[in-house]
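Undergrad: CSV, C-alpha atoms and all ligand atoms, saved as data_27.csv, coming up:
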chain,number,residue,atom,x,y,z
A,17,MET,CA,-20.0,6.1,53.9
A,18,SER,CA,-19.3,6.6,50.2
A,19,PRO,CA,-15.8,7.7,49.2
A,20,PRO,CA,-15.2,11.3,48.1
A,21,ALA,CA,-15.9,12.0,44.4
A,22,GLU,CA,-12.2,12.9,43.6
A,23,ARG,CA,-11.1,9.5,44.9
A,24,VAL,CA,-13.7,7.7,42.8
A,25,SER,CA,-12.7,9.6,39.6
A,26,ALA,CA,-8.9,9.1,40.4
A,27,GLY,CA,-9.6,5.3,40.7
A,28,VAL,CA,-11.6,5.2,37.5
A,29,ALA,CA,-8.8,7.1,35.7
A,30,ARG,CA,-6.2,4.7,37.0
A,31,VAL,CA,-8.2,1.7,35.8
A,32,LEU,CA,-8.6,3.4,32.4
A,33,ASP,CA,-4.9,4.2,32.2
A,34,GLU,CA,-4.1,0.5,33.0
A,35,ARG,CA,-6.5,-0.6,30.3
A,36,VAL,CA,-4.9,1.7,27.7
A,37,LEU,CA,-1.4,0.6,28.8
A,38,ARG,CA,-2.4,-3.1,28.8
A,39,GLY,CA,-3.8,-2.6,25.3
A,40,ARG,CA,-0.7,-0.8,23.9
A,41,LEU,CA,1.7,-3.0,25.8
A,42,GLY,CA,-0.3,-6.1,24.7
A,43,ARG,CA,0.0,-4.9,21.1
A,44,VAL,CA,3.7,-4.4,21.3
A,45,LEU,CA,4.3,-7.7,23.1
A,46,ASP,CA,2.1,-9.6,20.7
A,47,ALA,CA,3.9,-8.1,17.7
A,48,ARG,CA,7.2,-9.1,19.1
A,49,ALA,CA,6.1,-12.7,19.8
A,50,MET,CA,4.6,-13.0,16.3
A,51,ARG,CA,7.9,-11.7,14.7
A,52,ARG,CA,10.0,-14.1,16.8
A,53,GLY,CA,7.6,-17.0,16.0
A,54,ALA,CA,7.9,-16.1,12.3
A,55,GLN,CA,11.7,-16.2,12.4
A,56,ALA,CA,11.5,-19.6,14.2
A,57,VAL,CA,9.4,-21.1,11.4
A,58,VAL,CA,11.7,-19.7,8.8
A,59,ASP,CA,14.8,-21.2,10.6
A,60,GLU,CA,13.1,-24.5,11.3
A,61,GLU,CA,11.7,-25.0,7.8
A,62,GLY,CA,14.6,-23.3,5.9
A,63,LEU,CA,12.1,-21.2,3.9
A,64,GLU,CA,13.5,-19.3,0.9
A,65,PRO,CA,13.5,-15.5,1.1
A,66,ALA,CA,10.8,-13.6,-0.7
A,67,ARG,CA,11.8,-12.0,-4.0
A,68,GLU,CA,11.5,-8.5,-5.3
A,69,LEU,CA,8.8,-8.3,-8.0
A,70,ASP,CA,8.6,-6.5,-11.2
A,71,VAL,CA,5.4,-4.5,-10.6
A,72,ALA,CA,5.4,-2.7,-14.0
A,73,PRO,CA,2.6,-5.1,-15.2
A,74,LEU,CA,0.2,-3.7,-12.5
A,75,GLU,CA,-0.3,-0.8,-14.9
A,76,ILE,CA,-2.5,-3.2,-16.8
A,77,LEU,CA,-4.9,-3.3,-13.9
A,78,ARG,CA,-4.7,0.5,-13.4
A,79,THR,CA,-5.6,1.3,-16.9
A,80,ALA,CA,-7.9,-1.6,-18.2
A,81,ASP,CA,-11.5,-0.6,-18.6
A,82,LEU,CA,-13.9,-1.9,-15.9
A,83,GLU,CA,-15.8,-4.0,-18.4
A,84,ALA,CA,-12.6,-6.0,-19.1
A,85,LEU,CA,-11.9,-6.3,-15.4
A,86,ARG,CA,-15.4,-7.7,-14.8
A,87,ASP,CA,-15.0,-10.3,-17.6
A,88,PRO,CA,-13.7,-13.6,-16.2
A,89,GLY,CA,-12.6,-14.8,-19.6
A,90,ARG,CA,-10.5,-11.7,-20.3
A,91,LEU,CA,-9.0,-11.8,-16.9
A,92,GLU,CA,-8.1,-15.5,-17.4
A,93,ARG,CA,-6.8,-15.3,-21.0
A,94,GLU,CA,-5.3,-11.8,-21.3
A,95,ILE,CA,-4.8,-9.9,-18.0
A,96,LEU,CA,-3.7,-12.4,-15.4
A,97,PRO,CA,-1.0,-14.3,-17.5
A,98,ALA,CA,0.4,-10.9,-18.5
A,99,LEU,CA,0.8,-10.0,-14.8
A,100,GLY,CA,3.2,-12.9,-14.3
A,101,LEU,CA,2.9,-16.2,-12.5
A,102,ASN,CA,4.8,-18.1,-9.9
A,103,ASP,CA,7.4,-20.7,-10.9
A,104,GLU,CA,8.3,-22.4,-7.6
A,105,ILE,CA,6.5,-25.7,-8.4
A,106,LEU,CA,6.4,-25.6,-12.1
A,107,ASP,CA,5.0,-29.1,-12.5
A,108,GLU,CA,1.7,-27.9,-11.1
A,109,PHE,CA,1.4,-25.3,-13.9
A,110,PRO,CA,0.3,-26.1,-17.5
A,111,ARG,CA,3.0,-25.8,-20.1
A,112,GLU,CA,1.0,-23.3,-22.0
A,113,LEU,CA,1.5,-20.8,-19.1
A,114,TYR,CA,5.3,-21.4,-18.8
A,115,PRO,CA,6.2,-18.3,-20.8
A,116,HIS,CA,4.5,-16.3,-18.0
A,117,CYS,CA,6.0,-18.1,-15.0
A,118,GLY,CA,8.8,-16.6,-13.0
A,119,LYS,CA,7.9,-13.1,-14.3
A,120,GLY,CA,6.2,-9.9,-13.1
A,121,LEU,CA,4.0,-10.4,-10.0
A,122,ARG,CA,4.8,-14.2,-9.7
A,123,HIS,CA,1.3,-14.8,-8.3
A,124,TRP,CA,0.6,-18.4,-7.2
A,125,GLN,CA,-2.7,-18.8,-9.0
A,126,TYR,CA,-4.3,-20.5,-12.0
A,127,PRO,CA,-5.8,-17.8,-14.2
A,128,ASN,CA,-8.8,-20.0,-14.9
A,129,GLN,CA,-9.6,-20.0,-11.1
A,130,PHE,CA,-8.3,-16.5,-10.2
A,131,GLY,CA,-10.0,-14.7,-13.1
A,132,PRO,CA,-13.6,-15.9,-12.2
A,133,TYR,CA,-12.7,-15.3,-8.5
A,134,LEU,CA,-11.7,-11.7,-9.0
A,135,ALA,CA,-14.8,-11.1,-11.3
A,136,ALA,CA,-17.0,-12.4,-8.4
A,137,LEU,CA,-15.2,-10.1,-6.0
A,138,SER,CA,-16.0,-7.1,-8.2
A,139,GLN,CA,-19.7,-7.6,-7.3
A,140,GLN,CA,-19.0,-7.4,-3.5
A,141,ARG,CA,-18.6,-4.4,-1.2
A,142,ILE,CA,-14.9,-4.6,-0.2
A,143,GLY,CA,-13.1,-1.8,1.7
A,144,SER,CA,-10.5,-3.9,3.6
A,145,TYR,CA,-8.3,-7.0,2.8
A,146,LEU,CA,-6.2,-9.4,4.7
A,147,GLU,CA,-4.0,-12.1,3.2
A,148,VAL,CA,-2.4,-14.7,5.4
A,149,GLY,CA,0.6,-16.2,3.6
A,150,VAL,CA,1.6,-13.8,0.8
A,151,ARG,CA,4.9,-15.3,-0.3
A,152,HIS,CA,6.4,-12.6,-2.6
A,153,GLY,CA,3.2,-10.6,-2.4
A,154,GLY,CA,2.0,-11.1,-6.0
A,155,THR,CA,-1.6,-12.2,-5.2
A,156,PHE,CA,-1.8,-9.5,-2.5
A,157,LEU,CA,-0.7,-6.6,-4.8
A,158,ILE,CA,-2.9,-7.8,-7.7
A,159,THR,CA,-5.9,-8.1,-5.4
A,160,VAL,CA,-5.3,-4.7,-3.8
A,161,GLU,CA,-5.0,-3.1,-7.3
A,162,TYR,CA,-8.0,-4.9,-8.7
A,163,LEU,CA,-10.3,-4.1,-5.8
A,164,SER,CA,-9.2,-0.4,-5.8
A,165,ARG,CA,-10.6,-0.1,-9.3
A,166,PHE,CA,-14.1,-0.8,-7.8
A,167,ALA,CA,-14.1,0.9,-4.4
A,168,PRO,CA,-11.6,2.7,-2.2
A,169,LEU,CA,-9.5,0.2,-0.2
A,170,ARG,CA,-8.9,1.8,3.3
A,171,LYS,CA,-6.9,-1.0,4.7
A,172,ALA,CA,-4.9,-4.0,3.5
A,173,ILE,CA,-2.7,-6.2,5.6
A,174,ALA,CA,-0.2,-8.8,4.2
A,175,THR,CA,1.1,-11.4,6.7
A,176,ASP,CA,3.8,-14.1,6.3
A,177,VAL,CA,6.6,-15.7,8.3
A,178,VAL,CA,9.1,-14.7,5.6
A,179,ASP,CA,10.1,-11.1,5.6
A,180,SER,CA,10.1,-9.0,2.4
A,181,PRO,CA,11.8,-5.6,2.9
A,182,TRP,CA,10.9,-5.0,-0.7
A,183,LEU,CA,7.1,-5.5,-0.1
A,184,ARG,CA,7.3,-3.5,3.1
A,185,GLY,CA,8.8,-0.6,1.1
A,186,GLN,CA,6.1,-0.9,-1.6
A,187,LEU,CA,3.3,-0.8,1.0
A,188,ARG,CA,4.9,2.1,3.0
A,189,ALA,CA,3.8,4.5,0.2
A,190,ARG,CA,0.2,3.3,0.5
A,191,PRO,CA,-1.9,4.5,3.4
A,192,GLY,CA,-3.5,1.8,5.4
A,193,MET,CA,-1.4,-1.0,3.9
A,194,ARG,CA,1.4,-2.9,5.5
A,195,LEU,CA,3.3,-6.3,5.8
A,196,VAL,CA,3.1,-7.9,9.3
A,197,LEU,CA,5.5,-10.7,10.1
A,198,ALA,CA,3.6,-13.3,12.0
A,199,ASP,CA,3.4,-17.0,12.6
A,200,SER,CA,-0.4,-17.4,12.2
A,201,GLN,CA,-0.4,-20.5,14.4
A,202,LEU,CA,0.5,-18.5,17.5
A,203,PRO,CA,-2.2,-17.5,20.0
A,204,GLN,CA,-1.2,-13.9,19.5
A,205,PHE,CA,-2.5,-14.0,15.9
A,206,PRO,CA,-6.3,-14.1,16.6
A,207,ARG,CA,-5.8,-11.3,19.1
A,208,PHE,CA,-4.0,-9.3,16.4
A,209,LEU,CA,-7.0,-10.0,14.0
A,210,ALA,CA,-9.5,-8.9,16.7
A,211,ARG,CA,-7.6,-5.6,17.0
A,212,GLU,CA,-7.2,-5.0,13.3
A,213,GLY,CA,-10.5,-6.4,12.0
A,214,PRO,CA,-13.1,-6.7,10.9
A,215,PHE,CA,-12.0,-7.3,7.3
A,216,ASP,CA,-14.3,-7.4,4.3
A,217,LEU,CA,-12.1,-10.0,2.6
A,218,ALA,CA,-9.6,-12.4,4.1
A,219,LEU,CA,-7.6,-14.9,2.0
A,220,VAL,CA,-6.0,-17.8,3.9
A,221,ASP,CA,-3.0,-19.3,2.1
A,222,ALA,CA,-0.3,-20.0,4.7
A,223,ALA,CA,0.7,-23.4,6.2
A,224,HIS,CA,-1.2,-26.2,4.3
A,225,TYR,CA,-1.6,-29.0,6.8
A,226,GLU,CA,-5.1,-29.9,7.9
A,227,TRP,CA,-4.6,-28.7,11.4
A,228,THR,CA,-2.8,-25.5,10.4
A,229,ALA,CA,-5.4,-24.6,7.8
A,230,GLN,CA,-8.2,-25.3,10.4
A,231,HIS,CA,-6.4,-23.1,12.9
A,232,ASP,CA,-6.1,-20.2,10.4
A,233,LEU,CA,-9.7,-20.5,9.3
A,234,ASP,CA,-10.9,-20.5,12.9
A,235,SER,CA,-8.7,-17.5,13.6
A,236,VAL,CA,-9.9,-15.5,10.6
A,237,ARG,CA,-13.6,-16.5,10.4
A,238,PRO,CA,-14.9,-14.3,13.3
A,239,HIS,CA,-13.2,-11.2,11.8
A,240,ALA,CA,-14.1,-11.4,8.1
A,241,ASN,CA,-17.2,-10.9,5.9
A,242,ILE,CA,-15.7,-12.9,3.1
A,243,VAL,CA,-13.3,-15.8,3.9
A,244,VAL,CA,-11.3,-17.3,1.2
A,245,LEU,CA,-9.4,-20.6,1.5
A,246,HIS,CA,-6.8,-21.4,-1.1
A,247,ASP,CA,-5.9,-24.9,-2.3
A,248,ILE,CA,-9.2,-26.6,-1.6
A,249,VAL,CA,-8.8,-29.2,-4.3
A,250,SER,CA,-5.0,-29.6,-4.4
A,251,GLN,CA,-3.8,-33.2,-4.3
A,252,ALA,CA,-0.6,-31.8,-2.8
A,253,CYS,CA,-2.4,-30.8,0.5
A,254,PRO,CA,-5.7,-32.8,0.8
A,255,GLY,CA,-6.1,-31.6,4.4
A,256,VAL,CA,-7.0,-28.1,3.2
A,257,GLY,CA,-9.9,-29.7,1.2
A,258,SER,CA,-11.2,-31.4,4.4
A,259,VAL,CA,-11.1,-28.1,6.3
A,260,TRP,CA,-13.1,-26.5,3.5
A,261,ARG,CA,-15.7,-29.2,3.3
A,262,ARG,CA,-16.2,-29.1,7.1
A,263,PHE,CA,-16.7,-25.3,6.9
A,264,ARG,CA,-19.3,-25.7,4.1
A,265,ASP,CA,-21.1,-28.5,6.0
A,266,GLU,CA,-21.1,-26.8,9.4
A,267,HIS,CA,-21.8,-23.2,8.5
A,268,ALA,CA,-24.3,-23.4,5.7
A,269,ALA,CA,-26.9,-21.5,7.7
A,270,ASP,CA,-24.8,-18.3,7.9
A,271,TRP,CA,-22.6,-18.3,4.9
A,272,ASP,CA,-22.9,-18.7,1.1
A,273,PHE,CA,-20.2,-20.6,-0.7
A,274,LEU,CA,-18.5,-20.3,-4.1
A,275,GLU,CA,-15.8,-22.5,-5.6
A,276,PHE,CA,-13.3,-21.8,-8.3
A,277,THR,CA,-11.6,-25.1,-9.1
A,278,ASP,CA,-11.2,-25.4,-12.9
A,279,GLN,CA,-8.1,-27.3,-14.0
A,280,TYR,CA,-5.8,-27.5,-17.0
A,281,ASP,CA,-5.8,-30.7,-19.0
A,282,ASP,CA,-2.1,-30.6,-19.5
A,283,VAL,CA,-1.5,-30.8,-15.7
A,284,LEU,CA,-4.2,-33.4,-15.1
A,285,GLU,CA,-2.6,-35.6,-17.7
A,286,ARG,CA,0.9,-35.2,-16.4
A,287,GLN,CA,0.3,-35.1,-12.7
A,288,GLY,CA,-2.8,-37.2,-12.5
A,289,GLY,CA,-4.9,-34.9,-10.3
A,290,PRO,CA,-6.0,-31.4,-9.5
A,291,TYR,CA,-4.2,-28.4,-7.9
A,292,LEU,CA,-5.0,-25.1,-6.1
A,293,GLY,CA,-8.7,-24.3,-6.0
A,294,ILE,CA,-10.3,-21.3,-4.4
A,295,GLY,CA,-13.1,-21.6,-1.9
A,296,VAL,CA,-15.1,-18.4,-1.1
A,297,ALA,CA,-17.4,-18.1,1.9
A,298,ILE,CA,-19.6,-15.0,2.1
A,299,ARG,CA,-21.3,-14.1,5.3
A,300,ARG,CA,-25.0,-13.6,4.9
A,301,ARG,CA,-25.2,-10.9,7.5
A,302,ARG,CA,-22.2,-8.7,7.5
A,303,LEU,CA,-20.3,-8.1,10.8
A,304,GLY,CA,-21.6,-5.1,12.6
A,305,GLU,CA,-24.8,-4.8,10.6
A,401,LIG,C1,1.6,-20.8,-1.1
A,401,LIG,S1,2.5,-19.5,-0.4
A,401,LIG,C2,1.4,-18.1,-0.6
A,401,LIG,C3,1.2,-17.7,-2.0
A,401,LIG,C4,0.5,-16.3,-2.1
A,401,LIG,N1,-0.7,-16.3,-1.4
A,401,LIG,C5,0.2,-16.2,-3.6
A,401,LIG,O1,-0.9,-16.5,-4.0
A,401,LIG,O2,1.1,-15.7,-4.3
A,401,LIG,C6,2.4,-19.8,1.3
A,401,LIG,C7,3.0,-18.8,2.2
A,401,LIG,O3,2.6,-19.1,3.6
A,401,LIG,C8,3.7,-18.7,4.4
A,401,LIG,N2,3.6,-19.5,5.7
A,401,LIG,C9,3.9,-20.7,6.0
A,401,LIG,N3,3.6,-21.0,7.3
A,401,LIG,C10,3.1,-19.9,7.8
A,401,LIG,C11,2.7,-19.5,9.1
A,401,LIG,N4,2.7,-20.4,10.1
A,401,LIG,N5,2.2,-18.3,9.3
A,401,LIG,C12,2.2,-17.4,8.3
A,401,LIG,N6,2.6,-17.6,7.0
A,401,LIG,C13,3.1,-18.9,6.8
A,401,LIG,C14,5.0,-19.2,3.6
A,401,LIG,O4,6.1,-18.5,4.0
A,401,LIG,C15,4.5,-18.8,2.2
A,401,LIG,O5,5.0,-17.6,1.8
Please re-express this file's structure in structure tokens.

TA:
Amino acid sequence: MSPPAERVSAGVARVLDERVLRGRLGRVLDARAMRRGAQAVVDEEGLEPARELDVAPLEILRTADLEALRDPGRLEREILPALGLNDEILDEFPRELYPHCGKGLRHWQYPNQFGPYLAALSQQRIGSYLEVGVRHGGTFLITVEYLSRFAPLRKAIATDVVDSPWLRGQLRARPGMRLVLADSQLPQFPRFLAREGPFDLALVDAAHYEWTAQHDLDSVRPHANIVVLHDIVSQACPGVGSVWRRFRDEHAADWDFLEFTDQYDDVLERQGGPYLGIGVAIRRRRLGE
């Protein structure tokens, strides 16, 4: 004999309620675990706090004409240095850029790589952005501002183990944007990405060992249309280059690849090898299409 209809629908409602609860509860528990994991990494590795940035130079990106923003040479020579570069490992930067280091957005990029990279992104359809490992948030804020000049950005998530109340405050004023404290190596992180994704663009620049970079790439790849790996030629973290080459070799059927790896003579002469390097993988068939 079949059960009465009310009992069936009550049972279905209960199962649905449990699913909703499990979903919400799962989200809360995962967020807590990711936050605790982040604090543990900061304590273990004694990571320096993030800094407040001078964001006034972002006005350059807001007001530059689109022709200038699409021009890799102008980005490299005029716009990116004026936005301000990182100074935490100054030896890896060319002396000609020192006047711009430790200022403004403090973004950890070579203008001769990041300029052509941004120009290439201007050709893509990008409405959402994820950056894993944002440090002070310079590259994140520049990317958000730059992409917004070409298409509305409905979502942008910055993640790091190091908190930045300042960055959190900056993003609070921007709908769809936030900083999430997370150790990306934890099993909760791919679940978080599955809930938040898919992302049109995801930049991986967190822990730089081979196994950590591989883990980050494996976590991010299923949830992004464009995956970017930072430091693919850096002699400081050769494992990241191995991860990138494996990605290229194993996924050539489904992804197209671009590389931005130009160097500065001054650094090559002083340091004897290359640094940074941006690898871009573009999914041939976008997720959900
Ligand atoms: C090279 S910095 C990022 C620079 C930034 N993308 C930029 O271009 O300005 C690497 C960042 O990764 C973060 N990080 C290290 N291990 C991490 C982990 N397990 N999960 C998330 N972030 C991590 C560090 O705190 C640091 O801020």

Undergrad: Report as a tab-separated table the residues of chain A within 7 Å of ligand LIG 401 (chain A), each with its shortest atom pair and distance in Å (one decimal), using all atoms listed in the file, ordered by chain and increasing residue number.

TA:
residue	atom	partner	partner_atom	distance
A:Ala54	CA	A:LIG401	N5	6.8
A:Val57	CA	A:LIG401	N4	6.9
A:Leu63	CA	A:LIG401	O4	6.6
A:Arg122	CA	A:LIG401	O2	6.7
A:His123	CA	A:LIG401	O2	4.1
A:Trp124	CA	A:LIG401	O2	4.0
A:Gln125	CA	A:LIG401	O1	5.8
A:Val148	CA	A:LIG401	N6	6.0
A:Gly149	CA	A:LIG401	O3	3.5
A:Val150	CA	A:LIG401	C4	4.0
A:Arg151	CA	A:LIG401	O5	3.1
A:His152	CA	A:LIG401	O2	6.4
A:Gly153	CA	A:LIG401	O2	5.8
A:Gly154	CA	A:LIG401	O2	5.0
A:Thr155	CA	A:LIG401	O2	4.5
A:Phe156	CA	A:LIG401	N1	7.0
A:Thr175	CA	A:LIG401	C12	6.3
A:Asp176	CA	A:LIG401	N6	3.8
A:Val177	CA	A:LIG401	N6	4.6
A:Val178	CA	A:LIG401	O4	5.1
A:Ala198	CA	A:LIG401	C12	5.7
A:Asp199	CA	A:LIG401	N5	3.7
A:Ser200	CA	A:LIG401	N5	4.0
A:Gln201	CA	A:LIG401	N4	5.3
A:Asp221	CA	A:LIG401	N1	5.2
A:Ala222	CA	A:LIG401	O3	3.2
A:Ala223	CA	A:LIG401	N3	3.9

Undergrad: Give me the residues near Val243 (chain A) as a PyMOL selection string, where near means some atom within 6 Å (using all atoms listed in the file) and where sequence neighbours in that chain fewer than 3 positions away do not count.

TA: chain A and resi 218+296-297

Undergrad: Which residue is closest to Leu284 (chain A)? Choose from A:Tyr133, A:Arg111, A:Leu183, A:His267 and count only C-alpha atoms.

TA: A:Arg111

Undergrad: Just the number, please: distance in Å from CA of Pro73 (chain A) to CA of Glu275 (chain A), one decimal.

TA: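 Going from CA of Pro73 (chain A) over to CA of Glu275 (chain A) covers 27.1 Å.
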
Undergrad: Could you please determine the separation between CA of Leu202 (chain A) and CA of Gly53 (chain A) in Å, to one decimal place?

TA: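 Separating CA of Leu202 (chain A) from CA of Gly53 (chain A) is a distance of 7.4 Å.
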
Undergrad: May I ask for the distance between CA of Pro65 (chain A) and CA of Val220 (chain A), given in Å to one decimal place?

TA: 19.8 Å

Undergrad: Please determine the residues with any atom at most 10 Å from (-8.3, -26.2, -6.2) (coordinates as given in the file, with all atoms listed in the file counting) and report them as a list in words.

TA: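 Residues satisfying the cut-off, written out: Gln125, Tyr126, Gln129, Leu245, His246, Asp247, Ile248, Val249, Ser250, Gln251, Pro254, Val256, Gly257, Glu275, Phe276, Thr277, Asp278, Gln279, Pro290, Tyr291, Leu292, Gly293, Ile294 and Gly295 of chain A.
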
Undergrad: Quick one: residues within 9 Å of Arg78 (chain A), all atoms listed in the file, excluding same-chain residues fewer than 6 positions away - as a ChimeraX atom specification?

TA: /A:161-162,164-165

Undergrad: With only C-alpha atoms as the counted atoms, please give the residues lying no more than 6 Å from Ile298 (chain A), apart from itself and same-chain residues fewer than 3 positions off, as number ranges by chain.

TA: A: 242, 271-272

Undergrad: Pick out the closest residue to Gln55 (chain A) from this set: A:Phe273, A:Glu68, A:Leu187, A:Leu197. Count all atoms listed in the file.

TA: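 Among the listed residues, the smallest separation from Gln55 (chain A) belongs to A:Leu197.
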
Undergrad: Could you tell me which of A:Ser138, A:Pro115, A:Glu61, A:Met50 comes closest to Pro88 (chain A) if we count all atoms listed in the file?

TA: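 For Pro88 (chain A), the nearest of the candidates is A:Ser138.
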
Undergrad: Counting all atoms listed in the file, select every polymer residue within 9 Å of (-4.8, -7.2, -14.7) as defined in the file's coordinates, and provide the selection as an mmCIF file with C-alpha atoms, in the coordinates of the input.

TA:
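Below you can see result-v6.cif, which holds the result:
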data_model
loop_
_atom_site.group_PDB
_atom_site.id
_atom_site.type_symbol
_atom_site.label_atom_id
_atom_site.label_comp_id
_atom_site.auth_asym_id
_atom_site.auth_seq_id
_atom_site.Cartn_x
_atom_site.Cartn_y
_atom_site.Cartn_z
ATOM 1 C CA PRO A 73 2.600 -5.100 -15.200
ATOM 2 C CA LEU A 74 0.200 -3.700 -12.500
ATOM 3 C CA GLU A 75 -0.300 -0.800 -14.900
ATOM 4 C CA ILE A 76 -2.500 -3.200 -16.800
ATOM 5 C CA LEU A 77 -4.900 -3.300 -13.900
ATOM 6 C CA ARG A 78 -4.700 0.500 -13.400
ATOM 7 C CA THR A 79 -5.600 1.300 -16.900
ATOM 8 C CA ALA A 80 -7.900 -1.600 -18.200
ATOM 9 C CA LEU A 85 -11.900 -6.300 -15.400
ATOM 10 C CA LEU A 91 -9.000 -11.800 -16.900
ATOM 11 C CA GLU A 94 -5.300 -11.800 -21.300
ATOM 12 C CA ILE A 95 -4.800 -9.900 -18.000
ATOM 13 C CA LEU A 96 -3.700 -12.400 -15.400
ATOM 14 C CA PRO A 97 -1.000 -14.300 -17.500
ATOM 15 C CA ALA A 98 0.400 -10.900 -18.500
ATOM 16 C CA LEU A 99 0.800 -10.000 -14.800
ATOM 17 C CA ILE A 158 -2.900 -7.800 -7.700
ATOM 18 C CA GLU A 161 -5.000 -3.100 -7.300
ATOM 19 C CA TYR A 162 -8.000 -4.900 -8.700
#

Undergrad: With a distance cut-off of 9 Å and all atoms listed in the file, select the neighbouring residues of Arg184 (chain A), excluding the residue or stretch itself and same-chain residues fewer than 3 positions from it, and output the selection as a PyMOL selection string.

TA: chain A and resi 179-181+187-188+194-196

Undergrad: Would you pick out the contacts of Gln140 (chain A) at 10 Å or less, using only C-alpha atoms, so that residues sharing its chain but fewer than 3 positions from it are not included, and give the list as a list in words?

TA: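 Listed by chain and then number, they are Ala135, Ala136, Leu137, Gly143, Leu163, Phe166, Ala167, Asp216, Leu217, Ile242 and Ile298 of chain A.
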
Undergrad: Please report, as lines of an AutoDock Vina configuration file, the centre and edge lengths in Å to one decimal of an axis-aligned box covering all listed atoms of region 256-267 of chain A with 5 Å per side.

TA:
center_x = -14.4
center_y = -27.3
center_z = 5.3
size_x = 24.8
size_y = 18.2
size_z = 18.2
